[in-house]
Amino acid sequence: MRVTSKTFIRKTKRGNILKIVREHYLRDDIGCGSKVCTKCKLNTEQPLEKIVTVNNTNFTDKHYLLVDTNVVLHQIDALEDDTLKNVIILQTVLEEVKHLSHSVYKRLIDIIGNYSRCFYVFVNVYHRDTYVERFRGESPNDYNDRMIRVAALWYNKHFKGTIKVLLLSSDKVSKAKAIDEGIPTMSLEQYVSGLNNVTLTDKLSNRTCMVEETSKEPIFPPHLTPAQIHQGIKSGKIMQGTFFASNDNFLEGNVFVEGQEKNILLQGRENLNRAINGDIVAVKLFTEDQWSAPTNLVIADYDDLDLENDRSINETPKERYPTGQVVGIIRKKWRQYCGIIQHSLVENTNRHLFVPAEKKIPKIRIETRQYDKLKDQRVIIAIDTWPRTSRYPLGHFVRSLGKIGEREAENEVILLEHDVPHSKFSDQVLACLPKETWTITASDFVGRKDFRNLDICSVDPPGCTDIDDALHCMLLNNGNFQVGVHIADVTHFVKPGTAIDLEASQRATTVYLTGRRIDMVPGLLSSNLCSLRGGEERLAFSCVWEMTPDANIVNSSFTKSVIKSKAAMTYEQAQLIIDDQDQNTPIATGLRQLNKFAKILKKRRMDAGALVLASPEIRFLVDSETRDPLDVEVKQIKETNSMVEEFMLLANIEVAKKIYSDFPEFAVLRRHPKPPPSNFESLVKAAAHLGVKLNVDTSKDLANSLDKAIKLDNPFFNTMLRILATRCMLQAIYFASGTKTYDEFLHYGLAAPIYTHFTSPIRRYADVLVHRLLAVSIAAETTTPELLDKRKIETLCQNLNVRTRMSAYAERASVALNTHIFFRGKIRDEEGYILYVRKNALQILIPKYGLEGTLFLSPRKGQVQAATFTYNEEEQTQRCGKIVFRTFDPVVVQLSLDSSNVQHERIVLKLVKPEILNFSIPSTNVSTCATTAQQSQKNTEASESSLQPQPKRAKI
């Protein structure tokens with residue numbers, strides 16, 4: 001072992017002189033990691049192979065590969081291909097990648113962890129012969145490049161020609177220096193070209209290997225340099241914010257700038273200036289005389305409308321919005337995108353266009369020689385760059401998911417597009433599980449109440465296996481009632497800081513697709529040991545109240561417990577028991593009393609201003625073998641649904657009070673902000689045209705207005721109002737109590753001053769955190785540093801909010817997929833209602849199927865239409881002759897599936913009633929009640945009980 005040292009002299013603020021000595025220990029026992037070597041001790045479980053049989057026409061010697069940082073950063077998709085093996089990863093490279101890109105670092109660690117790939121990490125910074133001192137004035141980048149070359153040179157000398165170590169580098173300067181130093185060196189592109197591997201070639205990043213013709217005229221304005229952007233922001237001439245592409249118009253978007261009252265509107269290709277949805281951008285605000293307004297047009301693609309002849313785009317707006325232009329991309333939010341490859345119109349070319357499944361993302365130009373193989377496949381593409389001269393960004397192929405239309409491939413698209421973690425649980429996670437034969441022992445009763453004698457039961461949807469809540473109610477001697485809410489004690493098995501805890505915190509929520517569930521925790525817990533199944537002893541966390549006959553709480557307690565549910569029922573089974581007056585078992589009498597209490601509790605919430613909104617919920621009856629949908633039906637809500645919901649709400653509110661009183665800075669809570677009045681403007685205006693006045697000053701005013709909004713000639717009118725009111729709401733979010741004032745804790749939809757999630761720990765990580773806080777609060781557990789770290793809690797909450805939102809979008813997309821499968825070969829006439837009147841379209845809701853479709857009223861390119869529609873912006877109407885279309889109007893439409901676009905199958909709407917002669921525009925765009933993240937950001941949770949339903953139970 002050898003020690004190198006550096007001495008620094010520093011002067012303190014008080015004038016004292018400090019002498020600082022930094023020592024760096026160098027070792028001579030770090031092995032090269034190769035089975036070929038006879039000198040080094042083999043100190044790895046994943047050594048470089050002894051026999052190397054790579055056939056490469058560009059490098060014929062037996063060799064290992066050593067990659068520099070840029071290759072890892074920009075070619076990680078190629079490195080993930082199984083073709084590349086026996087790769088040396090230097091500690092220098094590993095640390096630099098970790099510093100520059102956490103996502104690439106994680107992917108590299110996953111490759112290294114796959115022993116079959118033979119990726120060996122060589123700790124060159126502590127090796128006696130490969131460590132070098134940094135020169136005075138040498139940049140960190142140049143120093144790291146020199147460290148890489150020194151290690152590559154050492155490896156080649158170490159093996160003495162028995163095997164070569166080939167340095168792969170994309171840095172021209174470093175590569176030239178390596179060649180001068182006698183190190184075998186080439187670019188990854190050159191190396192891959194010698195393998196004659198088409199798939200691997202397609203995976204190469206196009207940052208350097210696809211360059212647009214320099215003779216082409218620029219389409220976009222140039223971006224400012226980082227220094228110019230920084231100076232512009234500092235001077236106030238430039239603002240930074242997050243770019244959101246329009247849901248309906250690919251030529252529009254807006255930039256959210258923190259602190260600005262209104263988003264900055266972007267219109268036109270030049271002003272969008274190569275921003276991709278989610279990018280952090282620098283935006284220049286135009287002068288007020290150049291401000292504009294959204295076009296209110298639905299334009300899905302370049303070919304949707306004859307934009308040159310559509311003057312409505314350039315009409316002078318009555319209300320102007322701040323308008324600007326993107327002048328730079330501060331941080332790209334590019335990810336891998338799912339979609340299909342479109343055939344090139346140019347013969348004998350490898351260049352094709354990739355069409356993303358997410359309509360907010362532009363088409364991407366790629367090079368591939370595998371078109372014939374990939375043309376009917378769902379594929380993943382990564383964006384590499386977007387030059388000024390290209391109408392589209394440039395990217396490369398990553399991998400294929402399967403054939404278009406196949407259920408597994410389409411489900412994989414849904415999960416990937418919504419960033420849902422769905423890989424198999426790792427061995428480290430599974431190692432945290434108890435044995436499958438685990439049972440409760442005497443030691444588990446320590447510190448717990450024994451509630452096995454109570455008549456506890458659970459009430460859930462049919463087929464539910466992850467049962468995380470149960471109830472009981474019994475009469476006390478004093479005439480009051482004991483009521484209990486018992487929740488699965490998941491934290492008994494999921495301990496802080498363990499692999500299973502870290503995995504659950506990242507997944508954040510269970511995701512329910514149609515016919516498939518992506519668990520937050522492994523099935524042994526979610527469907528077995530934690531699930532409160534009937535007739536089996538289970539560990540629980542119980543809230544127990546003494547209630548008067550009029551549902552007033554006399555006292556309450558929280559305790560860890562052991563329960564044995566007497567019955568696991570469906571909502572329908574529980575309802576039948578309640579309604580059958582001949583049944584007088586303890587379970588039956590308990591359910592009836594719980595139902596009475598629930599009605600009282602609900603009325604109190606309504607009187608306080610809680611909202612009862614609406615969201616169309618459907619469920620599929622599926623074939624048990626093929627999993628294909630056989631029929632679609634609207635979910636029927638029974639009294640027992642509301643009964644369970646009320647007691648879950650009560651438990652959540654009471655737990656929120658408890659943990660906040662004991663942890664005022666660290667409690668994990670859930671807030672639902674009051675929406676601004678502007679969110680309701682279009683709804684209030686549309687209702688007013690029909691003689692209905694909506695008061696939106698408070699949640700109580702809105703609730704009362706909705707209750708009174710009845711039209712005898714339209715029985716669905718009130719439901720429509722509530723659906724649209726839901727879409728005016730802001731999103732309910734998790735937060736750490738110490739980051740907000742108490743007034744900001746309000747849950748607007750529930751009219752609750754404080755709220756949290758406690759009742760679903762099997763499927764929500766927020767509830768796991770709350771369980772830990774409550775356990776410490778009642779002295780059932782000791783606290784951990786993580787529970788008292790406000791910054792870490794807030795970081796966890798941010799991840800919870802993102803994962804919860806994306807899981808809801810994924811669930812809706814799954815419903816859309818199965819709706820399309822259901823409609824294959826079917827044509828049906830159904831009743832619908834107009835949700836929105838647009839300048840060129842009607843958006844229609846078909847309640848029976850939970851479908852929302854856009855019926856275009858203007859012809860697309862090449863179409864001729866004799867019927868003429870006139871749009872009245874003030875009245876929000878479309879007129880064709882004597883027929884006037886307004887929001888809430890009933891219509892009859894014909895539904896069928898259009899499969900002509902294999903990327904986006906869509907259900908076609910054809911207007912049946914009212915009948916309009918010479919009107920035939922079959923192309924429509926149908927979603928399943930906001931099936932993806934393309935839904936407006938306002939279309940988020942309104943109240944926990946009415947929005948974004950999960951198949952298990954409405955979120956509360």
# chains A, B, ... in the order shown; residues from 1 in each chain; ligands from 1
call {"tool": "select_by_dssp", "arguments": {"residues": "segment 389-511 of chain A", "states": "helix (DSSP H, G or I)", "output": "PyMOL selection string"}}
result
chain A and resi 407-417+427-430+442-445+490-492+499-507
call {"tool": "residues_around", "arguments": {"residues": "segment 425-440 of chain A", "least_positions_apart": "6", "cutoff": "12 Å", "atoms": "only C-alpha atoms", "output": "PyMOL selection string"}}
result
chain A and resi 110+113+446+448+450+490+492-504+507+518-530+536-540+561-564
call {"tool": "write_last_selection", "arguments": {"atoms": "N, CA and C atoms", "output": "compact mmCIF listing (two decimals), in the first residue's frame"}}
result
# COMPACT_ATOMS: atom_id res chain seq x y z
N ASP A 110 -27.55 -1.55 -13.14
CA ASP A 110 -28.35 -2.74 -13.45
C ASP A 110 -27.61 -3.67 -14.40
N GLY A 113 -24.90 -5.41 -12.53
CA GLY A 113 -25.46 -6.43 -11.65
C GLY A 113 -25.88 -7.70 -12.36
N VAL A 446 -47.70 -9.10 21.77
CA VAL A 446 -47.12 -8.10 22.68
C VAL A 446 -47.41 -6.70 22.15
N ARG A 448 -50.33 -5.49 21.51
CA ARG A 448 -51.51 -5.47 20.65
C ARG A 448 -52.77 -5.85 21.42
N ASP A 450 -56.27 -7.86 21.54
CA ASP A 450 -56.81 -9.07 20.94
C ASP A 450 -58.28 -8.83 20.58
N VAL A 490 -49.38 -3.38 7.46
CA VAL A 490 -48.33 -3.65 6.48
C VAL A 490 -46.95 -3.32 7.05
N HIS A 492 -45.68 -3.94 9.76
CA HIS A 492 -45.08 -5.04 10.52
C HIS A 492 -44.09 -5.81 9.65
N PHE A 493 -44.36 -5.86 8.33
CA PHE A 493 -43.52 -6.61 7.40
C PHE A 493 -42.59 -5.70 6.59
N VAL A 494 -42.95 -4.43 6.47
CA VAL A 494 -42.16 -3.49 5.66
C VAL A 494 -41.47 -2.51 6.60
N LYS A 495 -40.22 -2.79 6.92
CA LYS A 495 -39.47 -1.98 7.88
C LYS A 495 -38.71 -0.85 7.16
N PRO A 496 -38.55 0.29 7.80
CA PRO A 496 -37.88 1.44 7.18
C PRO A 496 -36.46 1.10 6.71
N GLY A 497 -36.13 1.58 5.52
CA GLY A 497 -34.78 1.44 5.00
C GLY A 497 -34.45 0.11 4.37
N THR A 498 -35.36 -0.87 4.43
CA THR A 498 -35.10 -2.17 3.82
C THR A 498 -35.34 -2.09 2.31
N ALA A 499 -34.90 -3.13 1.62
CA ALA A 499 -35.07 -3.15 0.16
C ALA A 499 -36.54 -3.10 -0.23
N ILE A 500 -37.40 -3.79 0.53
CA ILE A 500 -38.82 -3.80 0.20
C ILE A 500 -39.45 -2.43 0.47
N ASP A 501 -38.95 -1.73 1.48
CA ASP A 501 -39.44 -0.39 1.79
C ASP A 501 -39.03 0.59 0.70
N LEU A 502 -37.79 0.53 0.25
CA LEU A 502 -37.32 1.43 -0.80
C LEU A 502 -38.07 1.19 -2.10
N GLU A 503 -38.33 -0.08 -2.41
CA GLU A 503 -39.07 -0.40 -3.63
C GLU A 503 -40.51 0.13 -3.55
N ALA A 504 -41.15 -0.08 -2.39
CA ALA A 504 -42.52 0.39 -2.22
C ALA A 504 -42.59 1.91 -2.30
N ARG A 507 -42.43 2.81 -6.02
CA ARG A 507 -43.67 2.46 -6.74
C ARG A 507 -44.83 3.34 -6.28
N ILE A 518 -50.62 -4.24 -10.82
CA ILE A 518 -49.20 -4.03 -10.58
C ILE A 518 -49.05 -3.68 -9.11
N ASP A 519 -48.61 -4.64 -8.30
CA ASP A 519 -48.59 -4.47 -6.85
C ASP A 519 -47.50 -3.52 -6.39
N MET A 520 -47.79 -2.79 -5.31
CA MET A 520 -46.78 -1.97 -4.65
C MET A 520 -45.85 -2.83 -3.81
N VAL A 521 -46.41 -3.87 -3.21
CA VAL A 521 -45.62 -4.83 -2.43
C VAL A 521 -45.90 -6.22 -2.99
N PRO A 522 -44.99 -7.18 -2.82
CA PRO A 522 -45.17 -8.51 -3.41
C PRO A 522 -46.48 -9.17 -2.99
N GLY A 523 -46.95 -10.06 -3.86
CA GLY A 523 -48.24 -10.71 -3.66
C GLY A 523 -48.37 -11.48 -2.37
N LEU A 524 -47.25 -12.00 -1.84
CA LEU A 524 -47.32 -12.73 -0.58
C LEU A 524 -47.89 -11.85 0.52
N LEU A 525 -47.60 -10.55 0.47
CA LEU A 525 -48.16 -9.61 1.44
C LEU A 525 -49.51 -9.08 0.98
N SER A 526 -49.57 -8.57 -0.27
CA SER A 526 -50.78 -7.86 -0.72
C SER A 526 -52.00 -8.76 -0.79
N SER A 527 -51.83 -10.00 -1.21
CA SER A 527 -52.98 -10.89 -1.38
C SER A 527 -53.07 -11.99 -0.34
N ASN A 528 -52.11 -12.02 0.58
CA ASN A 528 -52.11 -13.12 1.54
C ASN A 528 -51.90 -12.62 2.97
N LEU A 529 -50.67 -12.44 3.38
CA LEU A 529 -50.38 -12.24 4.80
C LEU A 529 -50.91 -10.92 5.35
N CYS A 530 -51.03 -9.89 4.51
CA CYS A 530 -51.59 -8.62 4.97
C CYS A 530 -53.08 -8.49 4.68
N GLU A 536 -59.41 -15.75 8.92
CA GLU A 536 -57.98 -15.90 9.16
C GLU A 536 -57.47 -14.80 10.09
N GLU A 537 -56.59 -15.20 11.01
CA GLU A 537 -56.01 -14.22 11.93
C GLU A 537 -55.04 -13.31 11.20
N ARG A 538 -55.18 -12.02 11.45
CA ARG A 538 -54.32 -11.04 10.79
C ARG A 538 -53.92 -9.93 11.75
N LEU A 539 -52.74 -9.36 11.51
CA LEU A 539 -52.30 -8.19 12.27
C LEU A 539 -52.95 -6.95 11.68
N ALA A 540 -53.38 -6.05 12.58
CA ALA A 540 -54.09 -4.86 12.11
C ALA A 540 -53.69 -3.64 12.93
N SER A 561 -53.39 -4.32 16.75
CA SER A 561 -54.33 -5.37 17.16
C SER A 561 -54.12 -6.65 16.37
N VAL A 562 -54.80 -7.70 16.83
CA VAL A 562 -54.93 -8.95 16.09
C VAL A 562 -56.41 -9.17 15.87
N ILE A 563 -56.83 -9.40 14.62
CA ILE A 563 -58.25 -9.59 14.33
C ILE A 563 -58.45 -10.91 13.60
N LYS A 564 -59.69 -11.33 13.54
CA LYS A 564 -60.08 -12.49 12.74
C LYS A 564 -61.43 -12.17 12.12
call {"tool": "closest_residue", "arguments": {"among": "A:Leu79, A:Ile112, A:Leu26, A:Val485", "to": "His127 of chain A", "atoms": "only C-alpha atoms"}}
result
A:Leu26
call {"tool": "residues_around", "arguments": {"residues": "segment 603-609 of chain A", "least_positions_apart": "3", "cutoff": "12 Å", "atoms": "only C-alpha atoms", "output": "PyMOL selection string"}}
result
chain A and resi 550-552+596-600+612-613+642+646+649-650+653+696-707+747-753+943
call {"tool": "write_last_selection", "arguments": {"atoms": "N, CA and C atoms", "output": "mmCIF file, in the first residue's frame"}}
result
data_model
loop_
_atom_site.group_PDB
_atom_site.id
_atom_site.type_symbol
_atom_site.label_atom_id
_atom_site.label_comp_id
_atom_site.auth_asym_id
_atom_site.auth_seq_id
_atom_site.Cartn_x
_atom_site.Cartn_y
_atom_site.Cartn_z
ATOM 1 N N ASP A 550 -76.653 8.983 17.815
ATOM 2 C CA ASP A 550 -76.702 9.975 16.734
ATOM 3 C C ASP A 550 -75.315 10.243 16.151
ATOM 4 N N ALA A 551 -74.396 9.282 16.288
ATOM 5 C CA ALA A 551 -73.091 9.276 15.622
ATOM 6 C C ALA A 551 -72.127 10.336 16.130
ATOM 7 N N ASN A 552 -72.275 10.770 17.360
ATOM 8 C CA ASN A 552 -71.282 11.663 17.964
ATOM 9 C C ASN A 552 -70.213 10.812 18.648
ATOM 10 N N LYS A 596 -76.611 3.174 9.209
ATOM 11 C CA LYS A 596 -77.321 4.322 9.785
ATOM 12 C C LYS A 596 -76.332 5.430 10.146
ATOM 13 N N PHE A 597 -75.246 5.044 10.796
ATOM 14 C CA PHE A 597 -74.223 6.028 11.159
ATOM 15 C C PHE A 597 -73.667 6.718 9.907
ATOM 16 N N ALA A 598 -73.440 5.924 8.858
ATOM 17 C CA ALA A 598 -72.844 6.461 7.634
ATOM 18 C C ALA A 598 -73.721 7.546 7.028
ATOM 19 N N LYS A 599 -75.022 7.350 7.067
ATOM 20 C CA LYS A 599 -75.939 8.361 6.513
ATOM 21 C C LYS A 599 -75.875 9.655 7.314
ATOM 22 N N ILE A 600 -75.752 9.530 8.631
ATOM 23 C CA ILE A 600 -75.634 10.727 9.477
ATOM 24 C C ILE A 600 -74.318 11.448 9.198
ATOM 25 N N VAL A 612 -70.449 16.452 -3.809
ATOM 26 C CA VAL A 612 -70.772 15.176 -4.434
ATOM 27 C C VAL A 612 -70.681 15.424 -5.925
ATOM 28 N N LEU A 613 -69.574 15.006 -6.514
ATOM 29 C CA LEU A 613 -69.360 15.242 -7.931
ATOM 30 C C LEU A 613 -69.581 13.939 -8.691
ATOM 31 N N SER A 642 -71.174 3.654 0.039
ATOM 32 C CA SER A 642 -71.119 4.892 0.822
ATOM 33 C C SER A 642 -70.825 4.594 2.289
ATOM 34 N N GLU A 646 -67.668 6.320 4.173
ATOM 35 C CA GLU A 646 -67.799 7.272 5.275
ATOM 36 C C GLU A 646 -66.896 6.916 6.445
ATOM 37 N N LEU A 649 -63.284 7.668 5.525
ATOM 38 C CA LEU A 649 -63.070 9.115 5.634
ATOM 39 C C LEU A 649 -62.897 9.527 7.086
ATOM 40 N N LEU A 650 -63.768 8.997 7.937
ATOM 41 C CA LEU A 650 -63.697 9.345 9.362
ATOM 42 C C LEU A 650 -62.360 8.911 9.959
ATOM 43 N N ILE A 653 -59.545 11.232 8.761
ATOM 44 C CA ILE A 653 -59.584 12.550 9.399
ATOM 45 C C ILE A 653 -59.089 12.473 10.839
ATOM 46 N N VAL A 696 -70.104 29.692 -7.159
ATOM 47 C CA VAL A 696 -68.874 28.944 -6.890
ATOM 48 C C VAL A 696 -67.997 29.649 -5.862
ATOM 49 N N ASP A 697 -68.585 30.529 -5.059
ATOM 50 C CA ASP A 697 -67.799 31.266 -4.067
ATOM 51 C C ASP A 697 -67.150 30.342 -3.047
ATOM 52 N N THR A 698 -67.906 29.365 -2.560
ATOM 53 C CA THR A 698 -67.396 28.387 -1.606
ATOM 54 C C THR A 698 -67.839 26.997 -2.033
ATOM 55 N N SER A 699 -67.252 25.978 -1.425
ATOM 56 C CA SER A 699 -67.677 24.613 -1.754
ATOM 57 C C SER A 699 -69.132 24.392 -1.357
ATOM 58 N N LYS A 700 -69.561 25.023 -0.281
ATOM 59 C CA LYS A 700 -70.950 24.907 0.149
ATOM 60 C C LYS A 700 -71.884 25.543 -0.877
ATOM 61 N N ASP A 701 -71.505 26.720 -1.385
ATOM 62 C CA ASP A 701 -72.323 27.381 -2.409
ATOM 63 C C ASP A 701 -72.399 26.526 -3.664
ATOM 64 N N LEU A 702 -71.250 25.951 -4.056
ATOM 65 C CA LEU A 702 -71.242 25.108 -5.248
ATOM 66 C C LEU A 702 -72.097 23.868 -5.043
ATOM 67 N N ALA A 703 -71.979 23.247 -3.865
ATOM 68 C CA ALA A 703 -72.775 22.045 -3.577
ATOM 69 C C ALA A 703 -74.268 22.350 -3.638
ATOM 70 N N ASN A 704 -74.680 23.472 -3.042
ATOM 71 C CA ASN A 704 -76.095 23.852 -3.066
ATOM 72 C C ASN A 704 -76.568 24.139 -4.483
ATOM 73 N N SER A 705 -75.731 24.819 -5.270
ATOM 74 C CA SER A 705 -76.102 25.128 -6.649
ATOM 75 C C SER A 705 -76.291 23.856 -7.465
ATOM 76 N N LEU A 706 -75.390 22.903 -7.277
ATOM 77 C CA LEU A 706 -75.491 21.651 -8.013
ATOM 78 C C LEU A 706 -76.734 20.871 -7.612
ATOM 79 N N ASP A 707 -77.080 20.909 -6.328
ATOM 80 C CA ASP A 707 -78.278 20.207 -5.867
ATOM 81 C C ASP A 707 -79.540 20.767 -6.513
ATOM 82 N N HIS A 747 -58.972 20.355 2.766
ATOM 83 C CA HIS A 747 -59.382 19.470 1.675
ATOM 84 C C HIS A 747 -60.715 19.999 1.166
ATOM 85 N N TYR A 748 -60.657 20.733 0.051
ATOM 86 C CA TYR A 748 -61.820 21.458 -0.476
ATOM 87 C C TYR A 748 -62.971 20.512 -0.807
ATOM 88 N N GLY A 749 -62.701 19.421 -1.497
ATOM 89 C CA GLY A 749 -63.763 18.516 -1.921
ATOM 90 C C GLY A 749 -64.490 17.849 -0.774
ATOM 91 N N LEU A 750 -63.756 17.572 0.309
ATOM 92 C CA LEU A 750 -64.351 16.910 1.468
ATOM 93 C C LEU A 750 -64.804 17.903 2.536
ATOM 94 N N ALA A 751 -64.468 19.176 2.342
ATOM 95 C CA ALA A 751 -64.754 20.214 3.342
ATOM 96 C C ALA A 751 -64.169 19.821 4.697
ATOM 97 N N ALA A 752 -62.978 19.250 4.654
ATOM 98 C CA ALA A 752 -62.287 18.815 5.877
ATOM 99 C C ALA A 752 -61.084 19.717 6.112
ATOM 100 N N PRO A 753 -60.933 20.289 7.314
ATOM 101 C CA PRO A 753 -59.791 21.175 7.574
ATOM 102 C C PRO A 753 -58.453 20.434 7.596
ATOM 103 N N SER A 943 -63.056 15.611 -5.457
ATOM 104 C CA SER A 943 -63.130 15.124 -4.082
ATOM 105 C C SER A 943 -62.592 13.715 -4.089
#
call {"tool": "atom_distance", "arguments": {"atom1": "atom CA of Cys728 of chain A", "atom2": "atom CA of Lys740 of chain A"}}
result
23.2 Å
call {"tool": "decode", "arguments": {"residues": "segment 108-160 of chain A", "atoms": "C-alpha atoms", "output": "PDB file, in the first residue's frame"}}
result
ATOM      1  CA  LEU A 108     -25.455   1.096 -15.762  1.00  0.00           C
ATOM      2  CA  ILE A 109     -25.604  -0.384 -12.254  1.00  0.00           C
ATOM      3  CA  ASP A 110     -28.352  -2.739 -13.447  1.00  0.00           C
ATOM      4  CA  ILE A 111     -26.116  -3.921 -16.310  1.00  0.00           C
ATOM      5  CA  ILE A 112     -23.186  -4.433 -13.948  1.00  0.00           C
ATOM      6  CA  GLY A 113     -25.463  -6.429 -11.653  1.00  0.00           C
ATOM      7  CA  ASN A 114     -26.258  -8.865 -14.473  1.00  0.00           C
ATOM      8  CA  TYR A 115     -23.378 -11.312 -14.051  1.00  0.00           C
ATOM      9  CA  SER A 116     -23.906 -12.862 -17.499  1.00  0.00           C
ATOM     10  CA  ARG A 117     -22.855  -9.563 -19.122  1.00  0.00           C
ATOM     11  CA  CYS A 118     -19.344  -9.599 -17.560  1.00  0.00           C
ATOM     12  CA  PHE A 119     -19.152  -5.876 -16.846  1.00  0.00           C
ATOM     13  CA  TYR A 120     -16.260  -5.445 -14.411  1.00  0.00           C
ATOM     14  CA  VAL A 121     -15.773  -2.336 -12.267  1.00  0.00           C
ATOM     15  CA  PHE A 122     -12.053  -1.548 -11.950  1.00  0.00           C
ATOM     16  CA  VAL A 123     -11.295   0.803  -9.056  1.00  0.00           C
ATOM     17  CA  ASN A 124      -8.577   2.693 -10.918  1.00  0.00           C
ATOM     18  CA  VAL A 125      -8.577   5.695  -8.546  1.00  0.00           C
ATOM     19  CA  TYR A 126      -7.115   3.513  -5.740  1.00  0.00           C
ATOM     20  CA  HIS A 127      -4.828   1.296  -7.846  1.00  0.00           C
ATOM     21  CA  ARG A 128      -1.125   1.978  -7.364  1.00  0.00           C
ATOM     22  CA  ASP A 129      -0.365   1.950 -11.100  1.00  0.00           C
ATOM     23  CA  THR A 130      -3.435   3.730 -12.510  1.00  0.00           C
ATOM     24  CA  TYR A 131      -3.877   6.679 -10.153  1.00  0.00           C
ATOM     25  CA  VAL A 132      -2.447   9.986 -11.428  1.00  0.00           C
ATOM     26  CA  GLU A 133      -2.197  13.408  -9.863  1.00  0.00           C
ATOM     27  CA  ARG A 134      -4.201  16.241 -11.352  1.00  0.00           C
ATOM     28  CA  PHE A 135      -2.125  18.930 -13.079  1.00  0.00           C
ATOM     29  CA  ARG A 136      -2.405  22.512 -11.949  1.00  0.00           C
ATOM     30  CA  GLY A 137      -5.050  24.221 -14.120  1.00  0.00           C
ATOM     31  CA  GLU A 138      -6.245  20.940 -15.617  1.00  0.00           C
ATOM     32  CA  SER A 139     -10.044  20.842 -16.043  1.00  0.00           C
ATOM     33  CA  PRO A 140     -11.995  18.031 -14.360  1.00  0.00           C
ATOM     34  CA  ASN A 141     -13.035  16.725 -17.774  1.00  0.00           C
ATOM     35  CA  ASP A 142      -9.460  16.608 -19.087  1.00  0.00           C
ATOM     36  CA  TYR A 143      -8.277  14.994 -15.850  1.00  0.00           C
ATOM     37  CA  ASN A 144     -10.917  12.251 -16.070  1.00  0.00           C
ATOM     38  CA  ASP A 145     -10.063  11.606 -19.725  1.00  0.00           C
ATOM     39  CA  ARG A 146      -6.393  11.290 -18.800  1.00  0.00           C
ATOM     40  CA  MET A 147      -7.266   8.863 -15.958  1.00  0.00           C
ATOM     41  CA  ILE A 148      -9.179   6.734 -18.483  1.00  0.00           C
ATOM     42  CA  ARG A 149      -6.242   6.670 -20.934  1.00  0.00           C
ATOM     43  CA  VAL A 150      -3.793   5.785 -18.165  1.00  0.00           C
ATOM     44  CA  ALA A 151      -5.956   2.842 -17.110  1.00  0.00           C
ATOM     45  CA  ALA A 152      -6.393   1.664 -20.721  1.00  0.00           C
ATOM     46  CA  LEU A 153      -2.624   1.813 -21.267  1.00  0.00           C
ATOM     47  CA  TRP A 154      -1.964  -0.088 -18.022  1.00  0.00           C
ATOM     48  CA  TYR A 155      -4.408  -2.841 -18.987  1.00  0.00           C
ATOM     49  CA  ASN A 156      -2.732  -3.375 -22.356  1.00  0.00           C
ATOM     50  CA  LYS A 157       0.724  -3.537 -20.746  1.00  0.00           C
ATOM     51  CA  HIS A 158      -0.626  -5.786 -17.982  1.00  0.00           C
ATOM     52  CA  PHE A 159      -1.901  -8.436 -20.436  1.00  0.00           C
ATOM     53  CA  LYS A 160       1.310  -8.298 -22.538  1.00  0.00           C
TER      54      LYS A 160
END
